[in-house]
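Shown here: final18.txt, compact mmCIF, C-alpha atoms.
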```
# COMPACT_ATOMS: atom_id res chain seq x y z
CA LEU K 12 -2.21 10.60 8.80
CA ALA K 13 -2.00 10.42 12.53
CA VAL K 14 -4.43 12.49 14.57
CA ALA K 15 -3.19 13.87 17.89
CA GLY K 16 -6.55 14.05 19.64
CA ALA K 17 -10.11 15.31 19.67
CA GLU K 18 -12.27 17.48 21.88
CA PHE K 19 -15.90 17.28 22.85
CA VAL K 20 -17.82 20.52 23.30
CA LYS K 21 -20.43 20.54 26.07
CA ILE K 22 -23.52 22.65 25.46
CA SER K 23 -26.00 23.30 28.28
CA PHE K 24 -29.57 22.48 27.39
CA GLY K 25 -30.80 25.80 28.70
CA ARG K 26 -28.33 27.79 26.63
CA ARG K 27 -29.03 25.66 23.55
CA ARG K 28 -32.80 26.14 23.92
CA THR K 29 -32.31 29.92 24.16
CA MET K 30 -30.04 29.92 21.13
CA GLN K 31 -32.53 27.89 19.08
CA GLN K 32 -35.31 30.31 19.98
CA GLU K 33 -33.18 33.18 18.76
CA GLY K 34 -32.44 31.28 15.58
CA VAL K 35 -28.72 31.23 16.32
CA VAL K 36 -26.60 28.08 16.46
CA HIS K 37 -22.90 27.55 16.36
CA SER K 38 -20.49 25.05 14.89
CA GLU K 39 -16.97 23.85 15.31
CA GLU K 40 -15.02 22.57 12.33
CA ARG K 41 -11.98 20.34 12.19
CA GLN K 42 -8.90 21.13 10.14
CA GLU K 43 -5.77 19.04 9.78
CA ALA K 44 -2.44 20.87 10.22
CA GLY K 45 0.87 19.09 10.64
CA GLY K 46 -0.84 15.81 11.54
CA ALA K 47 -2.91 17.34 14.35
CA VAL K 48 -6.47 18.61 14.63
CA ALA K 49 -6.70 22.40 14.67
CA ARG K 50 -9.68 24.16 16.18
CA LYS K 51 -11.53 26.86 14.35
CA GLN K 52 -13.49 29.48 16.27
CA PRO K 53 -17.29 29.16 16.07
CA GLU K 54 -19.05 31.28 13.48
CA ARG K 55 -22.50 32.77 13.66
CA GLY K 56 -25.30 31.00 11.83
CA THR K 57 -23.88 27.48 12.25
CA ARG K 58 -24.19 24.64 14.73
CA ARG K 59 -21.71 23.37 17.33
CA VAL K 60 -20.79 19.66 16.87
CA SER K 61 -18.35 17.19 18.43
CA ALA K 62 -15.14 16.12 16.74
CA PRO K 63 -14.64 12.36 16.30
CA ASN K 64 -12.36 10.32 18.52
CA ALA K 65 -8.73 10.00 17.48
CA PRO K 66 -7.84 6.63 15.92
CA ARG K 67 -6.33 4.08 18.31
CA GLU K 68 -4.38 2.11 15.72
CA ARG K 69 -2.01 2.78 12.86
CA ASP K 70 -4.34 0.96 10.52
CA VAL K 71 -5.32 3.35 7.75
CA ALA K 72 -8.92 2.17 7.90
CA GLN K 73 -9.22 4.12 11.18
CA VAL K 74 -8.01 7.47 9.84
CA PRO K 75 -10.76 10.13 9.83
CA THR K 76 -11.96 11.44 6.51
CA ARG K 77 -10.32 14.46 4.93
CA ALA K 78 -10.63 16.52 1.78
CA ALA K 79 -11.31 14.38 -1.30
CA GLU K 80 -8.45 15.94 -3.25
CA SER K 81 -5.92 14.70 -0.68
CA TYR K 82 -6.65 11.03 -1.46
CA ALA K 83 -4.74 9.04 -4.07
CA ALA K 84 -8.05 8.00 -5.69
CA PRO K 85 -11.55 9.54 -5.50
CA TRP K 86 -13.23 6.34 -4.24
CA MET K 87 -10.98 6.17 -1.15
CA GLN K 88 -12.96 8.87 0.66
CA ALA K 89 -16.26 7.00 0.22
CA LEU K 90 -14.64 3.73 1.32
CA LYS K 91 -13.16 5.21 4.48
CA GLN K 92 -16.43 6.91 5.36
CA ALA K 93 -18.17 3.54 5.05
CA LEU K 94 -15.49 1.85 7.16
CA ASN K 95 -15.94 4.46 9.90
CA HIS K 96 -19.75 4.47 9.68
CA GLY K 97 -21.24 4.35 13.18
CA GLY K 98 -17.85 3.67 14.70
CA THR K 99 -15.99 6.94 15.08
CA GLN K 100 -17.66 7.85 18.38
CA ARG K 101 -17.05 4.53 20.16
CA ALA K 102 -14.59 4.57 23.04
CA LYS K 103 -13.50 0.97 22.45
CA ARG K 104 -13.12 -1.33 19.47
CA ASP K 105 -15.74 -4.02 19.10
CA ARG K 106 -16.33 -7.03 16.89
CA LYS K 107 -18.23 -5.02 14.28
CA GLU K 108 -15.21 -2.83 13.73
CA ALA K 109 -13.05 -5.89 13.05
CA THR K 110 -15.53 -7.43 10.63
CA ARG K 111 -15.54 -4.25 8.53
CA LYS K 112 -12.06 -5.20 7.36
CA GLN K 113 -13.11 -8.64 6.11
CA VAL K 114 -13.42 -8.72 2.33
CA GLN K 115 -13.92 -11.40 -0.31
CA LEU K 116 -11.11 -11.92 -2.83
CA ALA K 117 -11.70 -13.80 -6.09
CA THR K 118 -8.95 -15.40 -8.21
CA VAL K 119 -9.02 -17.77 -11.17
CA ASP K 120 -7.19 -21.09 -11.31
CA PRO K 121 -5.31 -20.98 -14.66
CA ALA K 122 -5.18 -24.79 -14.80
CA THR K 123 -8.96 -25.25 -14.73
CA GLY K 124 -10.42 -21.80 -15.39
CA ARG K 125 -12.51 -22.14 -12.23
CA PRO K 126 -12.97 -19.07 -10.01
CA SER K 127 -12.16 -19.27 -6.31
CA VAL K 128 -13.30 -16.86 -3.62
CA ARG K 129 -12.32 -16.54 0.02
CA THR K 130 -12.50 -14.04 2.89
CA ILE K 131 -9.33 -12.15 3.77
CA VAL K 132 -8.52 -9.22 6.07
CA PHE K 133 -7.75 -5.72 4.80
CA ARG K 134 -4.45 -4.50 6.25
CA GLY K 135 -4.52 -0.91 5.02
CA PHE K 136 -3.29 1.05 2.02
CA LEU K 137 0.32 0.85 0.87
CA PRO K 138 2.25 3.99 1.91
CA VAL K 139 3.80 6.03 -0.87
CA ASP K 140 7.07 6.12 1.11
CA LEU K 141 7.68 2.87 3.01
CA SER K 142 10.49 4.42 5.05
CA ASN K 143 8.22 7.17 6.43
CA ALA K 144 5.70 6.19 9.10
CA ASN K 145 3.65 9.32 8.33
CA SER K 146 3.75 8.91 4.57
CA LEU K 147 0.73 9.60 2.41
CA GLU K 148 -1.20 6.57 1.23
CA SER K 149 -1.43 5.16 -2.25
CA CYS K 150 -4.68 3.54 -3.44
CA MET K 151 -3.12 0.06 -3.34
CA LEU K 152 -4.68 -2.37 -0.86
CA ILE K 153 -2.55 -4.61 1.39
CA PHE K 154 -3.38 -8.19 2.45
CA ILE K 155 -1.21 -10.91 3.99
CA THR K 156 -1.31 -14.61 3.18
CA ASP K 157 0.46 -17.93 3.58
CA SER K 158 2.80 -18.29 0.60
CA ARG K 159 1.54 -21.89 0.14
CA ALA K 160 -2.12 -20.83 -0.23
CA GLN K 161 -4.08 -21.56 -3.40
CA LYS K 162 -4.54 -17.89 -4.24
CA VAL K 163 -0.76 -17.48 -4.34
CA ARG K 164 -0.48 -20.44 -6.69
CA HIS K 165 -3.18 -18.96 -8.93
CA ILE K 166 -1.30 -15.65 -9.21
CA ARG K 167 2.09 -17.27 -9.83
CA GLU K 168 0.75 -19.64 -12.48
CA ARG K 169 -1.00 -16.74 -14.22
CA GLU K 170 2.28 -14.80 -14.21
CA ALA K 171 4.10 -17.76 -15.75
CA LEU K 172 1.49 -18.25 -18.47
CA ALA K 173 1.12 -14.58 -19.39
CA LYS K 174 4.80 -13.72 -18.79
CA THR K 175 3.74 -10.63 -16.85
CA LYS K 176 3.93 -9.50 -13.25
CA GLY K 177 0.75 -10.07 -11.24
CA ALA K 178 -2.67 -11.46 -12.05
CA PRO K 179 -6.21 -10.04 -12.31
CA VAL K 180 -8.33 -10.31 -9.15
CA GLU K 181 -11.53 -8.79 -7.81
CA ILE K 182 -12.52 -7.82 -4.27
CA CYS K 183 -16.11 -7.65 -3.03
CA TRP K 184 -16.58 -5.60 0.15
CA TRP K 185 -19.99 -5.34 1.80
CA LEU K 186 -20.17 -2.85 4.69
CA ASP K 187 -23.44 -3.63 6.39
CA GLU K 188 -23.73 -0.66 8.77
CA ALA K 189 -23.21 1.81 5.93
CA GLY K 190 -25.33 -0.22 3.48
CA VAL K 191 -22.70 0.04 0.74
CA GLN K 192 -20.85 -2.48 -1.42
CA PHE K 193 -17.49 -1.91 -3.08
CA ARG K 194 -16.25 -4.12 -5.89
CA ILE K 195 -12.57 -3.44 -6.56
CA ALA K 196 -10.85 -5.03 -9.56
CA GLY K 197 -7.21 -4.81 -10.50
CA ASN K 198 -3.83 -6.49 -10.60
CA ALA K 199 -2.48 -8.52 -7.65
CA ILE K 200 1.26 -8.45 -6.94
CA LEU K 201 3.04 -10.84 -4.55
CA CYS K 202 5.72 -9.36 -2.28
CA CYS K 203 7.80 -12.04 -0.55
CA ALA K 204 11.07 -12.21 1.37
CA ASP K 205 12.69 -13.96 -1.59
CA SER K 206 11.25 -11.72 -4.33
CA ALA K 207 13.82 -10.78 -6.98
CA GLU K 208 12.90 -7.09 -6.88
CA PRO K 209 14.21 -5.07 -3.88
CA GLN K 210 11.06 -2.96 -3.70
CA LEU K 211 8.88 -6.05 -3.33
CA ARG K 212 11.13 -7.39 -0.58
CA LYS K 213 10.91 -4.03 1.20
CA VAL K 214 7.10 -4.16 1.16
CA CYS K 215 7.23 -7.65 2.66
CA THR K 216 9.67 -6.62 5.40
CA THR K 217 7.75 -3.45 6.29
CA VAL K 218 4.42 -5.28 6.71
CA TRP K 219 6.04 -8.16 8.65
CA GLU K 220 7.55 -5.73 11.16
CA ARG K 221 4.06 -4.39 11.96
CA LEU K 222 2.72 -7.83 12.94
CA GLY K 223 2.56 -9.23 16.47
CA ASP K 224 4.00 -12.60 17.46
CA SER K 225 0.58 -14.26 17.56
CA THR K 226 0.02 -13.43 13.89
CA ARG K 227 3.59 -14.27 12.88
CA SER K 228 3.28 -17.72 14.46
CA THR K 229 0.46 -18.65 12.05
CA PHE K 230 2.98 -18.63 9.20
CA ALA K 231 4.79 -21.59 10.77
CA TRP K 232 1.65 -23.74 10.77
CA PRO K 233 1.26 -26.86 8.58
CA GLN K 234 0.48 -26.36 4.90
CA PRO K 235 -3.05 -25.02 4.27
CA GLY K 236 -5.32 -27.64 2.71
CA ALA K 237 -3.09 -30.62 3.58
CA ARG K 238 -4.53 -33.61 5.44
CA GLU K 239 -4.84 -33.07 9.16
CA GLY K 240 -1.64 -34.15 10.84
CA GLU K 241 0.38 -33.67 7.64
CA GLY K 242 1.92 -30.69 5.86
CA GLY K 243 4.88 -29.99 8.12
CA GLY K 244 4.86 -26.96 10.38
CA THR K 245 7.44 -26.00 12.97
CA GLY K 246 5.40 -24.11 15.54
CA GLY K 247 6.71 -21.18 17.52
CA VAL K 248 7.36 -17.71 16.15
CA PRO K 249 9.37 -17.86 12.92
CA THR K 250 11.70 -15.26 11.50
CA LEU K 251 10.73 -13.67 8.20
CA THR K 252 13.05 -15.96 6.24
CA GLU K 253 11.60 -19.01 8.02
CA ALA K 254 7.97 -17.97 7.67
CA HIS K 255 5.65 -18.96 4.82
CA PHE K 256 4.70 -15.32 4.56
CA CYS K 257 3.68 -13.19 1.61
CA VAL K 258 2.12 -9.77 1.14
CA LEU K 259 -0.55 -9.49 -1.54
CA VAL K 260 -0.91 -5.96 -2.94
CA VAL K 261 -3.92 -5.15 -5.12
CA LEU K 262 -3.49 -2.32 -7.62
CA PRO K 263 -7.04 -1.20 -8.46
CA ASP K 264 -8.03 -0.04 -11.93
CA TRP K 265 -11.84 -0.30 -11.58
CA VAL K 266 -14.13 0.31 -8.59
CA ASP K 267 -17.92 -0.10 -8.32
CA GLU K 268 -19.51 1.73 -5.37
CA LEU K 269 -23.13 0.65 -4.78
CA HIS K 270 -25.34 2.17 -2.06
CA LEU K 271 -28.45 0.15 -1.17
CA GLY K 272 -31.43 1.05 0.95
CA GLY K 273 -33.68 4.10 0.76
CA LYS K 274 -31.35 6.28 -1.33
CA GLN K 275 -29.76 3.93 -3.81
CA LYS K 276 -26.92 5.15 -5.98
CA ARG K 277 -24.06 3.65 -7.94
CA VAL K 278 -20.73 5.15 -8.96
CA ILE K 279 -18.15 3.60 -11.30
CA TYR K 280 -14.50 4.66 -11.03
CA THR K 281 -12.17 3.70 -13.89
CA LEU K 282 -8.43 4.31 -13.98
CA ASP K 283 -7.51 5.99 -17.25
CA GLN K 284 -4.11 4.51 -18.07
CA THR K 285 -3.05 6.18 -21.27
CA ASP K 286 0.55 4.98 -21.44
CA ALA K 287 0.55 1.43 -20.06
CA THR K 288 -1.64 -1.18 -18.41
CA PRO K 289 -0.68 -2.73 -15.05
CA PHE K 290 0.44 -5.88 -16.85
CA GLU K 291 2.97 -3.92 -18.95
CA LEU K 292 4.69 -2.16 -16.06
CA THR K 293 7.76 -3.24 -14.10
CA PRO K 294 7.38 -4.07 -10.37
CA CYS K 295 8.87 -0.71 -9.40
CA GLU K 296 6.45 1.12 -11.69
CA LEU K 297 3.57 -0.99 -10.40
CA LEU K 298 4.21 0.05 -6.80
CA SER K 299 4.59 3.72 -7.67
CA PRO K 300 1.59 6.12 -7.53
CA SER K 301 -1.02 5.16 -10.12
CA PRO K 302 0.00 6.19 -13.68
CA GLY K 303 -3.23 7.78 -14.76
CA LYS K 304 -6.36 9.65 -13.71
CA TRP K 305 -9.59 8.23 -12.40
CA GLN K 306 -12.77 8.71 -14.42
CA VAL K 307 -15.96 8.93 -12.34
CA GLU K 308 -19.40 8.08 -13.72
CA MET K 309 -22.82 7.88 -12.07
CA VAL K 310 -24.81 4.88 -13.33
CA ASN K 311 -28.09 3.18 -12.49
CA PRO K 312 -28.02 0.88 -9.44
```
Write-out of the structure in structure tokens:
Amino acid sequence: LAVAGAEFVKISFGRRRTMQQEGVVHSEERQEAGGAVARKQPERGTRRVSAPNAPRERDVAQVPTRAAESYAAPWMQALKQALNHGGTQRAKRDRKEATRKQVQLATVDPATGRPSVRTIVFRGFLPVDLSNANSLESCMLIFITDSRAQKVRHIREREALAKTKGAPVEICWWLDEAGVQFRIAGNAILCCADSAEPQLRKVCTTVWERLGDSTRSTFAWPQPGAREGEGGGTGGVPTLTEAHFCVLVVLPDWVDELHLGGKQKRVIYTLDQTDATPFELTPCELLSPSPGKWQVEMVNP
């Protein structure tokens, strides 16, 4: 959800010292209303604090935290808090903020059974309504990739062998500043411009329209992994139909949240799918809100 702005409350040191001596402090709380931040009058017996800066980008990873019940999955609140850790008060983006979105994605090569892992960039959560810029988020994670990449081949070959849509993958996400690791397992679906299903094509088009020309141009480069100087490539900024572009959507069904450091804790989230597994659903059902409830369990680190 977009946030219109934020205010900082200035407190004089003399006044604050007097208030502390009297045992009285004040607070200011944030509330979301209609996509904006609403101010609540200070109450006695609390402390006055500053509201965080408004996000500068549409990327969902920048959206401030909100009530846990408003998220599509219970682990999303903890993940967003870790993504924003130490960064919500900065006036400008820095390199650390960009590296928070770098995650490791593991696939399995069906031909050899060998696992492969690589670093990719988190592009946000899939909106529930793609036609609405202010839509609520699902718990499905978005990534973009070259359609000729090995991970795409792994997913497509798994689909052909199992005669199902998608393939099992796992994400490992270490957020150093927050000292927390998220392992997210689930089903990966490919959304391309030539996908047979209209909903998958719409996901591809929507994500492509959000990209700048510099990013779009990378999908006209020579084939990844080919010998240098080979593999084709046209250069310039391609259209969507010309680009080797694909959106990879991960539908989580298991999440492991591990906090390290002085106060270690571990939480396991499991999607309780009573009617069908992700591999038994149609593409339209797969990209609908998760069919099931999340079970939460505290376990030993």
For His96 of chain K: contacts at 9 Å, only C-alpha atoms, fewer than 4 positions along chain excluded, given as a list in words: Lys91, Gln92, Leu186, Glu188 and Ala189 of chain K
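Contact shell of Ile182 of chain K at 9 Å (all atoms listed in the file; same-chain neighbours under 3 positions omitted): Val114, Gln115, Leu116, Ala117, Phe193, Arg194, Ile195, Ala196 and Gly197 of chain K.
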Point (-8.3, -1.1, -7.8) neighbourhood (7 Å, all atoms listed in the file) written as a ChimeraX atom specification: /K:151,195-197,261-266
Closest of K:Ala144, K:Ile279, K:Cys183, K:Val163 to Gln113 of chain K - atom-to-atom distances counting all atoms listed in the file: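 Residue with the minimum atom-to-atom distance to Gln113 of chain K: K:Cys183.
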K:Gln192, K:Gln234, K:Thr281, K:Asn145 ranked by distance to Gln306 of chain K, top pick (using only C-alpha atoms):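 Closest to Gln306 of chain K, using only C-alpha atoms: K:Thr281.
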Pick from K:Asn143, K:Asn311, K:Ser81, K:Thr156, whichever lies nearest to Leu269 of chain K using all atoms listed in the file: K:Asn311
Distance in Å - atom CA of Trp232 of chain K versus atom CA of Gly244 of chain K: 4.6 Å
Computed interatomic separation between atom CA of Glu268 of chain K and atom CA of Leu137 of chain K (Å): 20.8 Å
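Distances to Ala178 of chain K were evaluated for K:Ala122, K:Ala254, K:Ala199, K:Ala237 using all atoms listed in the file, and the minimum falls at K:Ala199.
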Pairwise distance for atom CA of Glu170 of chain K and atom CA of Leu201 of chain K, rounded to one decimal in Å: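 Answer for the atom CA of Glu170 of chain K to atom CA of Leu201 of chain K separation: 10.5 Å.
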12 Å contact set for Gly246 of chain K, all atoms listed in the file, chain neighbours under 2 positions out, as a list in words: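 Close residues of Gly246 of chain K: Asp224, Ser225, Arg227, Ser228, Thr229, Phe230, Ala231, Trp232, Pro233, Gln234, Gly243, Gly244, Val248, Pro249, Thr250, Glu253, Ala254 and His255 of chain K.
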Selected residue, from K:Lys174, K:Lys304, K:His270, K:Arg212, that lies nearest to Ala89 of chain K when counting only C-alpha atoms: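 Selected residue with least distance to Ala89 of chain K: K:His270.
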All residues 12 Å or closer to Thr216 of chain K, all atoms listed in the file, same chain fewer than 2 positions away omitted, as an MDAnalysis selection string: chainID K and resid 141:142 155 202:206 209:214 218:222 250:252 254 256:258
Can you give me N, CA, C and O atoms for segment 215-233 of chain K, written as a CSV table (one decimal), keeping the file's coordinate frame?
```csv
chain,number,residue,atom,x,y,z
K,215,CYS,N,7.4,-6.5,1.8
K,215,CYS,CA,7.2,-7.6,2.7
K,215,CYS,C,7.8,-7.4,4.1
K,215,CYS,O,7.2,-7.7,5.1
K,216,THR,N,9.0,-6.9,4.1
K,216,THR,CA,9.7,-6.6,5.4
K,216,THR,C,8.9,-5.6,6.2
K,216,THR,O,8.7,-5.8,7.4
K,217,THR,N,8.5,-4.5,5.6
K,217,THR,CA,7.8,-3.4,6.3
K,217,THR,C,6.5,-4.0,6.9
K,217,THR,O,6.1,-3.7,8.1
K,218,VAL,N,5.7,-4.8,6.2
K,218,VAL,CA,4.4,-5.3,6.7
K,218,VAL,C,4.7,-6.3,7.8
K,218,VAL,O,4.0,-6.3,8.8
K,219,TRP,N,5.7,-7.1,7.6
K,219,TRP,CA,6.0,-8.2,8.6
K,219,TRP,C,6.4,-7.5,10.0
K,219,TRP,O,6.0,-8.0,11.0
K,220,GLU,N,7.1,-6.4,9.9
K,220,GLU,CA,7.6,-5.7,11.2
K,220,GLU,C,6.4,-5.1,11.9
K,220,GLU,O,6.5,-4.9,13.1
K,221,ARG,N,5.2,-4.9,11.3
K,221,ARG,CA,4.1,-4.4,12.0
K,221,ARG,C,3.2,-5.5,12.7
K,221,ARG,O,2.3,-5.2,13.4
K,222,LEU,N,3.5,-6.7,12.4
K,222,LEU,CA,2.7,-7.8,12.9
K,222,LEU,C,3.2,-8.2,14.3
K,222,LEU,O,4.4,-8.2,14.7
K,223,GLY,N,2.2,-8.7,15.2
K,223,GLY,CA,2.6,-9.2,16.5
K,223,GLY,C,3.0,-10.7,16.4
K,223,GLY,O,2.8,-11.4,15.4
K,224,ASP,N,3.5,-11.2,17.5
K,224,ASP,CA,4.0,-12.6,17.5
K,224,ASP,C,2.9,-13.6,17.2
K,224,ASP,O,3.1,-14.6,16.6
K,225,SER,N,1.7,-13.3,17.7
K,225,SER,CA,0.6,-14.3,17.6
K,225,SER,C,0.2,-14.4,16.1
K,225,SER,O,-0.1,-15.5,15.6
K,226,THR,N,0.3,-13.3,15.3
K,226,THR,CA,0.0,-13.4,13.9
K,226,THR,C,1.2,-14.1,13.2
K,226,THR,O,1.0,-14.9,12.3
K,227,ARG,N,2.4,-13.7,13.5
K,227,ARG,CA,3.6,-14.3,12.9
K,227,ARG,C,3.6,-15.8,13.0
K,227,ARG,O,4.1,-16.5,12.1
K,228,SER,N,3.2,-16.3,14.2
K,228,SER,CA,3.3,-17.7,14.5
K,228,SER,C,2.4,-18.5,13.5
K,228,SER,O,2.7,-19.7,13.3
K,229,THR,N,1.3,-17.9,13.0
K,229,THR,CA,0.5,-18.6,12.0
K,229,THR,C,1.2,-19.0,10.7
K,229,THR,O,0.7,-19.9,10.0
K,230,PHE,N,2.3,-18.3,10.4
K,230,PHE,CA,3.0,-18.6,9.2
K,230,PHE,C,4.0,-19.7,9.4
K,230,PHE,O,4.9,-19.9,8.5
K,231,ALA,N,4.0,-20.4,10.5
K,231,ALA,CA,4.8,-21.6,10.8
K,231,ALA,C,3.9,-22.8,10.9
K,231,ALA,O,4.4,-23.9,11.3
K,232,TRP,N,2.6,-22.6,10.7
K,232,TRP,CA,1.6,-23.7,10.8
K,232,TRP,C,1.8,-24.7,9.6
K,232,TRP,O,2.5,-24.4,8.6
K,233,PRO,N,1.2,-25.9,9.7
K,233,PRO,CA,1.3,-26.9,8.6
K,233,PRO,C,0.6,-26.3,7.3
K,233,PRO,O,-0.1,-25.3,7.4
```
